[in-house]
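> You'll find protein17.txt just under this line, and it carries compact mmCIF, C-alpha atoms.
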# COMPACT_ATOMS: atom_id res chain seq x y z
CA MET A 189 67.05 49.43 5.12
CA MET A 190 70.37 50.61 6.52
CA ASP A 191 72.42 53.10 4.60
CA LEU A 192 76.13 53.91 4.81
CA ILE A 193 75.63 56.36 7.67
CA ASP A 194 73.76 53.74 9.72
CA ARG A 195 76.58 51.28 9.09
CA ARG A 196 79.18 53.82 10.20
CA LEU A 197 77.16 54.57 13.32
CA LEU A 198 76.91 50.88 14.18
CA ALA A 199 80.63 50.34 13.59
CA SER A 200 81.44 53.26 15.90
CA LEU A 201 78.99 52.07 18.57
CA GLN A 202 80.56 48.61 18.58
CA ARG A 203 83.82 50.26 19.65
CA ASP A 204 82.20 52.47 22.31
CA ASN A 205 78.46 52.62 22.85
CA LEU A 206 78.71 55.44 25.39
CA GLN A 207 79.66 58.06 22.84
CA THR A 208 77.54 61.17 22.86
CA ALA A 209 75.39 62.14 19.90
CA GLU A 210 77.74 65.09 19.41
CA ARG A 211 80.79 62.86 19.13
CA LEU A 212 79.00 60.45 16.79
CA ALA A 213 77.80 63.42 14.71
CA GLU A 214 81.40 64.51 14.17
CA GLN A 215 82.33 61.03 12.94
CA VAL A 216 79.51 60.62 10.43
CA HIS A 217 78.93 64.28 9.55
CA LEU A 218 75.33 64.66 10.71
CA SER A 219 73.69 66.81 13.36
CA PRO A 220 73.36 65.41 16.88
CA SER A 221 69.55 65.44 16.55
CA ALA A 222 69.77 63.40 13.33
CA ILE A 223 72.08 60.95 15.14
CA ALA A 224 69.59 60.64 18.01
CA ARG A 225 66.75 59.92 15.55
CA ARG A 226 68.83 57.29 13.74
CA LEU A 227 69.83 55.62 17.00
CA ARG A 228 66.19 55.44 18.13
CA ALA A 229 65.26 53.90 14.78
CA LEU A 230 68.14 51.39 14.93
CA ARG A 231 67.11 50.33 18.44
CA ALA A 232 63.43 50.11 17.49
CA SER A 233 64.24 47.96 14.44
CA GLY A 234 66.36 45.57 16.50
CA ALA A 235 69.57 46.45 14.63
CA ILE A 236 70.96 47.35 18.07
CA ALA A 237 70.03 44.33 20.15
CA ALA A 238 71.49 45.49 23.49
CA ASP A 239 73.64 48.07 25.19
CA VAL A 240 75.91 46.23 27.61
CA SER A 241 79.09 46.72 29.61
CA VAL A 242 82.05 44.40 29.11
CA LEU A 243 83.60 43.72 32.48
CA SER A 244 87.34 43.59 33.07
CA GLU A 245 88.87 40.24 33.94
CA SER A 246 90.57 41.92 36.90
CA VAL A 247 87.15 42.79 38.36
CA LEU A 248 85.76 39.31 37.79
CA GLY A 249 88.62 37.50 39.46
CA GLY A 250 89.75 34.02 38.55
CA LEU A 251 86.94 32.74 36.40
CA LEU A 252 87.45 29.62 34.31
CA THR A 253 86.43 29.64 30.67
CA ALA A 254 85.75 26.37 28.89
CA VAL A 255 85.22 25.83 25.17
CA VAL A 256 82.95 22.81 24.91
CA HIS A 257 82.17 20.81 21.78
CA VAL A 258 78.98 18.78 22.12
CA GLN A 259 77.81 15.90 19.96
CA LEU A 260 74.11 15.23 20.31
CA GLU A 261 72.80 11.68 20.51
CA ARG A 262 70.09 12.33 17.92
CA HIS A 263 69.04 15.25 15.76
CA ILE A 264 65.32 15.07 16.43
CA PRO A 265 64.17 18.55 17.53
CA HIS A 266 61.66 17.43 20.15
CA GLU A 267 64.32 15.27 21.82
CA THR A 268 66.86 18.11 22.13
CA ALA A 269 64.50 21.05 22.66
CA GLY A 270 64.64 20.87 26.46
CA LEU A 271 68.43 20.79 26.54
CA ARG A 272 68.65 23.63 24.04
CA ARG A 273 66.24 25.81 26.06
CA ARG A 274 68.16 25.18 29.28
CA LEU A 275 71.52 25.96 27.65
CA ALA A 276 70.15 29.18 26.18
CA VAL A 277 69.09 30.53 29.59
CA SER A 278 72.00 29.25 31.67
CA PRO A 279 74.06 32.14 33.09
CA ALA A 280 77.19 29.99 32.74
CA VAL A 281 76.79 29.76 28.95
CA GLN A 282 78.36 32.83 27.39
CA LEU A 283 78.14 31.71 23.75
CA TYR A 284 76.05 28.94 22.22
CA PHE A 285 76.32 27.95 18.55
CA ASP A 286 74.97 25.16 16.39
CA ILE A 287 77.93 24.12 14.25
CA ALA A 288 78.72 21.86 11.30
CA GLY A 289 81.27 19.07 11.51
CA PRO A 290 81.80 16.17 13.89
CA PHE A 291 80.14 18.10 16.73
CA ASP A 292 76.73 19.72 16.75
CA VAL A 293 77.05 22.46 19.37
CA LEU A 294 79.84 24.75 20.53
CA LEU A 295 79.56 26.38 23.95
CA VAL A 296 81.68 28.90 25.77
CA VAL A 297 81.06 28.30 29.46
CA VAL A 298 82.30 30.59 32.24
CA VAL A 299 82.37 29.35 35.85
CA HIS A 300 84.15 30.17 39.10
CA ASP A 301 86.00 26.91 39.56
CA MET A 302 86.31 23.29 38.45
CA ASP A 303 83.65 22.10 40.90
CA GLU A 304 81.17 24.49 39.29
CA TYR A 305 82.18 23.27 35.82
CA ASN A 306 81.68 19.65 36.89
CA ALA A 307 78.23 20.55 38.24
CA PHE A 308 77.44 22.25 34.91
CA THR A 309 78.43 19.18 32.89
CA ALA A 310 76.47 16.89 35.22
CA GLU A 311 73.34 19.02 34.82
CA PHE A 312 73.53 19.80 31.11
CA LEU A 313 75.87 17.43 29.28
CA GLU A 314 75.72 14.10 31.06
CA THR A 315 72.22 13.43 29.76
CA GLU A 316 70.55 11.13 27.26
CA ALA A 317 70.43 13.94 24.69
CA VAL A 318 74.25 14.19 24.56
CA ARG A 319 76.37 11.45 22.97
CA ARG A 320 79.68 13.01 24.03
CA PHE A 321 81.41 16.29 24.72
CA GLU A 322 84.98 17.54 24.73
CA THR A 323 86.28 20.45 26.77
CA ALA A 324 89.24 22.75 26.22
CA MET A 325 90.01 25.07 29.12
CA VAL A 326 91.12 28.58 28.17
CA LYS A 327 94.60 29.39 29.50
CA LYS A 328 94.65 33.07 28.53
CA ARG A 329 92.20 35.38 26.80
CA HIS A 330 93.86 37.56 24.16
CA LYS A 331 90.73 39.06 22.64
CA ALA A 332 87.05 38.97 23.48
CA THR A 333 84.51 40.83 21.42
CA LEU A 334 81.17 40.36 19.76
CA ALA A 335 81.81 43.22 17.34
CA ALA A 336 81.00 42.19 13.79
CA PRO A 337 82.49 43.58 10.58
CA ILE A 338 79.98 46.10 9.25
CA ASP A 339 81.39 47.08 5.86
For the structure just supplied, provide its representation as structure tokens.

Amino acid sequence: MMDLIDRRLLASLQRDNLQTAERLAEQVHLSPSAIARRLRALRASGAIAADVSVLSESVLGGLLTAVVHVQLERHIPHETAGLRRRLAVSPAVQLYFDIAGPFDVLLVVVVHDMDEYNAFTAEFLETEAVRRFETAMVKKRHKATLAAPID
């Protein structure tokens, strides 16, 4: 069970996961060794799922980002399982959600150019499992984060 200190640690790590135990200790008023123990426990429990680096758009160059709404043909799990597995492991799929409403799936797809996007749709979305899909291309990214509200 997480306590208030764990929640504060997680909130701070979402802003910058490269902070030292000493810096984190100052923020939550514990010793650096206590911080290190808590961080090991949070990682072991799965509360911290990954430590990753967010790359700058300037480093990545001119990538295209597409927000794709997908309506499945049928909602029978064994008929969509293959598609779902392939979407989950595709490097082009940045986010993948099951959603409620007129569409069943929302994807955020990142590719190098329109030809690559067309190849993605041909491979994944122009199949018997998909009734239809609609794409909105991102013109400008104003914010990108996976940080969640902790408190």
> Tell me, as a list in words, which residues lie within 9 Å of A:Leu294, counting all atoms listed in the file; anything in the same chain fewer than 6 positions away does not count.
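Listed by chain and then number, they are Val255, Val256, His257, Val258, Leu283, Tyr284, Phe285, Asp286 and Ile287 of chain A.
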> May I ask which of the residues A:Glu316, A:Glu322, A:Asp204, A:Asp339 is the closest one to A:Val293, counting all atoms listed in the file?
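Among the listed residues, A:Glu322 lies closest to A:Val293.
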> Looking at A:Leu206, A:Leu198, A:Ala310, A:Ala280, which one is nearest to A:Ser241, with distances taken over all atoms listed in the file?
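Closest to A:Ser241, using all atoms listed in the file: A:Leu206.
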> Kindly assemble as a tab-separated table a list of the stretch 290-317 of chain A residues that lie within 9 Å of stretch 264-273 of chain A, each paired with its nearest atom pair and their distance in Å to one decimal, using only C-alpha atoms, sorted first by chain and then by ascending residue number.

residue	atom	partner	partner_atom	distance
A:Phe312	CA	A:Leu271	CA	6.9
A:Leu313	CA	A:Leu271	CA	8.6
A:Thr315	CA	A:Leu271	CA	8.9
A:Ala317	CA	A:Thr268	CA	6.1
> What would the file look like if the residues just selected were written as a PDB file, in the frame of the given file with C-alpha atoms?

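Printed below is out.pdb as written:
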ATOM      1  CA  PHE A 312      73.530  19.800  31.110  1.00  0.00           C
ATOM      2  CA  LEU A 313      75.870  17.430  29.280  1.00  0.00           C
ATOM      3  CA  THR A 315      72.220  13.430  29.760  1.00  0.00           C
ATOM      4  CA  ALA A 317      70.430  13.940  24.690  1.00  0.00           C
TER       5      ALA A 317
END
> As a ChimeraX atom specification, please: the residues near stretch 329-334 of chain A (cut-off 12 Å, all atoms listed in the file, same-chain neighbours under 6 positions excluded).
/A:199,201-204,237-238,240-245,251-255,282-283,296
> Would you list the contacts of A:Ala235 as a VMD selection string, taking every protein, DNA or RNA residue within 12 Å and counting only C-alpha atoms, but skipping same-chain residues closer than 2 positions in sequence?
chain A and resid 189 to 190 194 to 195 197 to 199 201 to 202 226 to 233 237 to 239 338
> Can you write just those residues out, C-alpha atoms, as an mmCIF file, keeping the file's coordinate frame?

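Here's the written file result-v8.cif:
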data_model
loop_
_atom_site.group_PDB
_atom_site.id
_atom_site.type_symbol
_atom_site.label_atom_id
_atom_site.label_comp_id
_atom_site.auth_asym_id
_atom_site.auth_seq_id
_atom_site.Cartn_x
_atom_site.Cartn_y
_atom_site.Cartn_z
ATOM 1 C CA MET A 189 67.050 49.430 5.120
ATOM 2 C CA MET A 190 70.370 50.610 6.520
ATOM 3 C CA ASP A 194 73.760 53.740 9.720
ATOM 4 C CA ARG A 195 76.580 51.280 9.090
ATOM 5 C CA LEU A 197 77.160 54.570 13.320
ATOM 6 C CA LEU A 198 76.910 50.880 14.180
ATOM 7 C CA ALA A 199 80.630 50.340 13.590
ATOM 8 C CA LEU A 201 78.990 52.070 18.570
ATOM 9 C CA GLN A 202 80.560 48.610 18.580
ATOM 10 C CA ARG A 226 68.830 57.290 13.740
ATOM 11 C CA LEU A 227 69.830 55.620 17.000
ATOM 12 C CA ARG A 228 66.190 55.440 18.130
ATOM 13 C CA ALA A 229 65.260 53.900 14.780
ATOM 14 C CA LEU A 230 68.140 51.390 14.930
ATOM 15 C CA ARG A 231 67.110 50.330 18.440
ATOM 16 C CA ALA A 232 63.430 50.110 17.490
ATOM 17 C CA SER A 233 64.240 47.960 14.440
ATOM 18 C CA ALA A 237 70.030 44.330 20.150
ATOM 19 C CA ALA A 238 71.490 45.490 23.490
ATOM 20 C CA ASP A 239 73.640 48.070 25.190
ATOM 21 C CA ILE A 338 79.980 46.100 9.250
#
> Provide the atom CA of A:Ile223 to atom CA of A:Ile236 distance in Å, to one decimal place.
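Computing it gives 14.0 Å between the two atoms.
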> May I have the residues within 7 Å of A:Val318 as a VMD selection string, using all atoms listed in the file and disregarding those fewer than 5 positions away in the same chain?
chain A and resid 259 to 261 313
> Write the residues you've just listed into a file as a tab-separated table (two decimals), in the frame of the given file, and include C-alpha atoms for each of them.

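Resulting contents of again19.tsv:
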chain	number	residue	atom	x	y	z
A	259	GLN	CA	77.81	15.90	19.96
A	260	LEU	CA	74.11	15.23	20.31
A	261	GLU	CA	72.80	11.68	20.51
A	313	LEU	CA	75.87	17.43	29.28
> Between atom CA of A:Pro279 and atom CA of A:Asn205, what distance in Å does the model show, to one decimal?
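Interatomic distance here is 23.3 Å.
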> I'd like the interatomic distance between atom CA of A:Ile193 and atom CA of A:Arg225, to a tenth of an Å.
12.4 Å
> Using only C-alpha atoms, determine which residues lie at most 9 Å from A:Val281, disregarding the query and same-chain residues fewer than 6 positions distant; provide the list as a ChimeraX atom specification.
/A:275,295-299
> I'd like to know which of A:Asp191, A:Glu214, A:Asp292, A:Asp301 is closest to A:His263, using all atoms listed in the file.
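Closest residue, counting all atoms listed in the file: A:Asp292.
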> Will you give me stretch 191-339 of chain A, written with C-alpha atoms and laid out as a PDB file, in the first residue's frame?

ATOM      1  CA  ASP A 191       1.511   6.147   1.584  1.00  0.00           C
ATOM      2  CA  LEU A 192       1.745   9.915   1.113  1.00  0.00           C
ATOM      3  CA  ILE A 193       5.538   9.832   0.862  1.00  0.00           C
ATOM      4  CA  ASP A 194       5.398   7.209  -1.914  1.00  0.00           C
ATOM      5  CA  ARG A 195       2.878   9.360  -3.768  1.00  0.00           C
ATOM      6  CA  ARG A 196       5.103  12.423  -3.451  1.00  0.00           C
ATOM      7  CA  LEU A 197       8.082  10.428  -4.682  1.00  0.00           C
ATOM      8  CA  LEU A 198       6.140   9.184  -7.700  1.00  0.00           C
ATOM      9  CA  ALA A 199       4.884  12.677  -8.510  1.00  0.00           C
ATOM     10  CA  SER A 200       8.440  14.019  -8.375  1.00  0.00           C
ATOM     11  CA  LEU A 201       9.808  11.160 -10.480  1.00  0.00           C
ATOM     12  CA  GLN A 202       7.196  11.795 -13.167  1.00  0.00           C
ATOM     13  CA  ARG A 203       8.683  15.274 -13.575  1.00  0.00           C
ATOM     14  CA  ASP A 204      12.313  14.070 -13.589  1.00  0.00           C
ATOM     15  CA  ASN A 205      13.275  10.458 -13.001  1.00  0.00           C
ATOM     16  CA  LEU A 206      17.001  11.218 -12.970  1.00  0.00           C
ATOM     17  CA  GLN A 207      16.906  12.996  -9.635  1.00  0.00           C
ATOM     18  CA  THR A 208      19.362  11.735  -7.065  1.00  0.00           C
ATOM     19  CA  ALA A 209      18.225  10.139  -3.828  1.00  0.00           C
ATOM     20  CA  GLU A 210      19.643  13.187  -2.055  1.00  0.00           C
ATOM     21  CA  ARG A 211      17.494  15.584  -4.062  1.00  0.00           C
ATOM     22  CA  LEU A 212      14.396  13.424  -3.614  1.00  0.00           C
ATOM     23  CA  ALA A 213      15.145  13.178   0.124  1.00  0.00           C
ATOM     24  CA  GLU A 214      15.068  16.972   0.403  1.00  0.00           C
ATOM     25  CA  GLN A 215      11.664  17.075  -1.280  1.00  0.00           C
ATOM     26  CA  VAL A 216       9.961  14.446   0.867  1.00  0.00           C
ATOM     27  CA  HIS A 217      11.967  14.879   4.070  1.00  0.00           C
ATOM     28  CA  LEU A 218      13.504  11.419   4.349  1.00  0.00           C
ATOM     29  CA  SER A 219      17.084  10.177   4.304  1.00  0.00           C
ATOM     30  CA  PRO A 220      18.640   9.239   0.956  1.00  0.00           C
ATOM     31  CA  SER A 221      18.914   5.592   2.093  1.00  0.00           C
ATOM     32  CA  ALA A 222      15.190   5.540   2.944  1.00  0.00           C
ATOM     33  CA  ILE A 223      14.459   7.005  -0.504  1.00  0.00           C
ATOM     34  CA  ALA A 224      16.580   4.306  -2.162  1.00  0.00           C
ATOM     35  CA  ARG A 225      14.706   1.574  -0.251  1.00  0.00           C
ATOM     36  CA  ARG A 226      11.336   3.046  -1.222  1.00  0.00           C
ATOM     37  CA  LEU A 227      12.347   3.340  -4.869  1.00  0.00           C
ATOM     38  CA  ARG A 228      13.482  -0.303  -4.945  1.00  0.00           C
ATOM     39  CA  ALA A 229      10.161  -1.334  -3.404  1.00  0.00           C
ATOM     40  CA  LEU A 230       8.148   0.800  -5.856  1.00  0.00           C
ATOM     41  CA  ARG A 231      10.012  -0.728  -8.802  1.00  0.00           C
ATOM     42  CA  ALA A 232       9.657  -4.258  -7.425  1.00  0.00           C
ATOM     43  CA  SER A 233       5.914  -3.797  -6.904  1.00  0.00           C
ATOM     44  CA  GLY A 234       5.425  -2.515 -10.449  1.00  0.00           C
ATOM     45  CA  ALA A 235       4.310   0.944  -9.288  1.00  0.00           C
ATOM     46  CA  ILE A 236       7.185   2.253 -11.430  1.00  0.00           C
ATOM     47  CA  ALA A 237       6.664   0.435 -14.701  1.00  0.00           C
ATOM     48  CA  ALA A 238       9.636   1.878 -16.620  1.00  0.00           C
ATOM     49  CA  ASP A 239      12.370   4.481 -16.588  1.00  0.00           C
ATOM     50  CA  VAL A 240      12.494   6.014 -20.054  1.00  0.00           C
ATOM     51  CA  SER A 241      13.847   9.056 -21.872  1.00  0.00           C
ATOM     52  CA  VAL A 242      11.495  11.358 -23.758  1.00  0.00           C
ATOM     53  CA  LEU A 243      13.201  12.430 -26.958  1.00  0.00           C
ATOM     54  CA  SER A 244      13.053  15.954 -28.321  1.00  0.00           C
ATOM     55  CA  GLU A 245      11.130  16.514 -31.539  1.00  0.00           C
ATOM     56  CA  SER A 246      14.176  18.355 -32.894  1.00  0.00           C
ATOM     57  CA  VAL A 247      16.253  15.170 -32.545  1.00  0.00           C
ATOM     58  CA  LEU A 248      13.599  12.989 -34.150  1.00  0.00           C
ATOM     59  CA  GLY A 249      13.146  15.158 -37.202  1.00  0.00           C
ATOM     60  CA  GLY A 250       9.933  15.440 -39.159  1.00  0.00           C
ATOM     61  CA  LEU A 251       7.879  12.564 -37.851  1.00  0.00           C
ATOM     62  CA  LEU A 252       4.167  12.423 -38.588  1.00  0.00           C
ATOM     63  CA  THR A 253       1.745  11.722 -35.767  1.00  0.00           C
ATOM     64  CA  ALA A 254      -1.704  10.374 -36.548  1.00  0.00           C
ATOM     65  CA  VAL A 255      -4.636  10.009 -34.161  1.00  0.00           C
ATOM     66  CA  VAL A 256      -6.635   7.081 -35.482  1.00  0.00           C
ATOM     67  CA  HIS A 257     -10.144   6.060 -34.436  1.00  0.00           C
ATOM     68  CA  VAL A 258     -10.906   2.444 -35.296  1.00  0.00           C
ATOM     69  CA  GLN A 259     -14.293   0.751 -35.433  1.00  0.00           C
ATOM     70  CA  LEU A 260     -14.035  -3.021 -35.267  1.00  0.00           C
ATOM     71  CA  GLU A 261     -16.205  -5.194 -37.486  1.00  0.00           C
ATOM     72  CA  ARG A 262     -17.230  -7.446 -34.596  1.00  0.00           C
ATOM     73  CA  HIS A 263     -16.584  -7.559 -30.876  1.00  0.00           C
ATOM     74  CA  ILE A 264     -15.763 -11.239 -30.606  1.00  0.00           C
ATOM     75  CA  PRO A 265     -12.421 -11.548 -28.781  1.00  0.00           C
ATOM     76  CA  HIS A 266     -11.025 -14.454 -30.798  1.00  0.00           C
ATOM     77  CA  GLU A 267     -11.700 -12.560 -34.038  1.00  0.00           C
ATOM     78  CA  THR A 268      -9.825  -9.419 -32.944  1.00  0.00           C
ATOM     79  CA  ALA A 269      -7.092 -10.985 -30.800  1.00  0.00           C
ATOM     80  CA  GLY A 270      -4.559 -11.186 -33.631  1.00  0.00           C
ATOM     81  CA  LEU A 271      -5.047  -7.562 -34.618  1.00  0.00           C
ATOM     82  CA  ARG A 272      -4.850  -6.439 -31.001  1.00  0.00           C
ATOM     83  CA  ARG A 273      -1.601  -8.362 -30.414  1.00  0.00           C
ATOM     84  CA  ARG A 274      -0.013  -6.916 -33.547  1.00  0.00           C
ATOM     85  CA  LEU A 275      -1.047  -3.353 -32.655  1.00  0.00           C
ATOM     86  CA  ALA A 276       0.341  -3.749 -29.139  1.00  0.00           C
ATOM     87  CA  VAL A 277       3.813  -4.694 -30.394  1.00  0.00           C
ATOM     88  CA  SER A 278       4.016  -2.363 -33.395  1.00  0.00           C
ATOM     89  CA  PRO A 279       6.774   0.241 -32.933  1.00  0.00           C
ATOM     90  CA  ALA A 280       4.628   2.744 -34.858  1.00  0.00           C
ATOM     91  CA  VAL A 281       1.846   2.586 -32.244  1.00  0.00           C
ATOM     92  CA  GLN A 282       2.681   5.003 -29.451  1.00  0.00           C
ATOM     93  CA  LEU A 283      -0.632   4.785 -27.589  1.00  0.00           C
ATOM     94  CA  TYR A 284      -3.376   2.178 -27.877  1.00  0.00           C
ATOM     95  CA  PHE A 285      -6.696   2.472 -26.018  1.00  0.00           C
ATOM     96  CA  ASP A 286      -9.991   0.625 -26.050  1.00  0.00           C
ATOM     97  CA  ILE A 287     -12.598   3.376 -25.928  1.00  0.00           C
ATOM     98  CA  ALA A 288     -16.360   3.795 -25.545  1.00  0.00           C
ATOM     99  CA  GLY A 289     -18.482   5.534 -28.151  1.00  0.00           C
ATOM    100  CA  PRO A 290     -18.896   5.129 -31.899  1.00  0.00           C
ATOM    101  CA  PHE A 291     -15.329   3.798 -32.222  1.00  0.00           C
ATOM    102  CA  ASP A 292     -13.750   0.915 -30.356  1.00  0.00           C
ATOM    103  CA  VAL A 293     -10.037   1.723 -30.440  1.00  0.00           C
ATOM    104  CA  LEU A 294      -7.976   4.904 -30.378  1.00  0.00           C
ATOM    105  CA  LEU A 295      -4.395   4.787 -31.625  1.00  0.00           C
ATOM    106  CA  VAL A 296      -1.619   7.333 -31.715  1.00  0.00           C
ATOM    107  CA  VAL A 297       0.640   6.303 -34.567  1.00  0.00           C
ATOM    108  CA  VAL A 298       4.039   7.861 -35.285  1.00  0.00           C
ATOM    109  CA  VAL A 299       5.712   7.347 -38.671  1.00  0.00           C
ATOM    110  CA  HIS A 300       8.354   9.015 -40.831  1.00  0.00           C
ATOM    111  CA  ASP A 301       6.159   9.945 -43.768  1.00  0.00           C
ATOM    112  CA  MET A 302       2.818   9.407 -45.486  1.00  0.00           C
ATOM    113  CA  ASP A 303       4.052   6.352 -47.388  1.00  0.00           C
ATOM    114  CA  GLU A 304       4.906   4.690 -44.078  1.00  0.00           C
ATOM    115  CA  TYR A 305       1.479   5.623 -42.689  1.00  0.00           C
ATOM    116  CA  ASN A 306      -0.227   4.142 -45.754  1.00  0.00           C
ATOM    117  CA  ALA A 307       1.789   0.941 -45.294  1.00  0.00           C
ATOM    118  CA  PHE A 308       0.727   0.863 -41.628  1.00  0.00           C
ATOM    119  CA  THR A 309      -2.964   1.192 -42.497  1.00  0.00           C
ATOM    120  CA  ALA A 310      -2.672  -1.460 -45.213  1.00  0.00           C
ATOM    121  CA  GLU A 311      -1.065  -3.905 -42.786  1.00  0.00           C
ATOM    122  CA  PHE A 312      -3.164  -3.241 -39.685  1.00  0.00           C
ATOM    123  CA  LEU A 313      -6.403  -1.447 -40.528  1.00  0.00           C
ATOM    124  CA  GLU A 314      -7.451  -2.571 -43.983  1.00  0.00           C
ATOM    125  CA  THR A 315      -8.386  -6.016 -42.700  1.00  0.00           C
ATOM    126  CA  GLU A 316     -11.543  -8.018 -42.093  1.00  0.00           C
ATOM    127  CA  ALA A 317     -11.376  -7.227 -38.371  1.00  0.00           C
ATOM    128  CA  VAL A 318     -11.783  -3.473 -39.000  1.00  0.00           C
ATOM    129  CA  ARG A 319     -15.085  -1.994 -40.205  1.00  0.00           C
ATOM    130  CA  ARG A 320     -13.674   1.510 -40.678  1.00  0.00           C
ATOM    131  CA  PHE A 321     -11.122   3.957 -39.367  1.00  0.00           C
ATOM    132  CA  GLU A 322     -10.701   7.716 -39.364  1.00  0.00           C
ATOM    133  CA  THR A 323      -7.400   9.547 -39.144  1.00  0.00           C
ATOM    134  CA  ALA A 324      -6.556  13.025 -37.902  1.00  0.00           C
ATOM    135  CA  MET A 325      -2.990  14.135 -38.573  1.00  0.00           C
ATOM    136  CA  VAL A 326      -1.361  16.175 -35.806  1.00  0.00           C
ATOM    137  CA  LYS A 327      -0.291  19.633 -37.008  1.00  0.00           C
ATOM    138  CA  LYS A 328       1.576  20.685 -33.867  1.00  0.00           C
ATOM    139  CA  ARG A 329       2.281  19.039 -30.529  1.00  0.00           C
ATOM    140  CA  HIS A 330       1.729  21.391 -27.598  1.00  0.00           C
ATOM    141  CA  LYS A 331       2.103  18.870 -24.794  1.00  0.00           C
ATOM    142  CA  ALA A 332       3.108  15.233 -24.593  1.00  0.00           C
ATOM    143  CA  THR A 333       3.274  13.416 -21.301  1.00  0.00           C
ATOM    144  CA  LEU A 334       2.202  10.203 -19.679  1.00  0.00           C
ATOM    145  CA  ALA A 335       2.409  11.730 -16.203  1.00  0.00           C
ATOM    146  CA  ALA A 336      -0.713  10.957 -14.205  1.00  0.00           C
ATOM    147  CA  PRO A 337      -2.194  12.986 -11.347  1.00  0.00           C
ATOM    148  CA  ILE A 338      -1.060  11.307  -8.144  1.00  0.00           C
ATOM    149  CA  ASP A 339      -2.942  13.177  -5.421  1.00  0.00           C
TER     150      ASP A 339
END
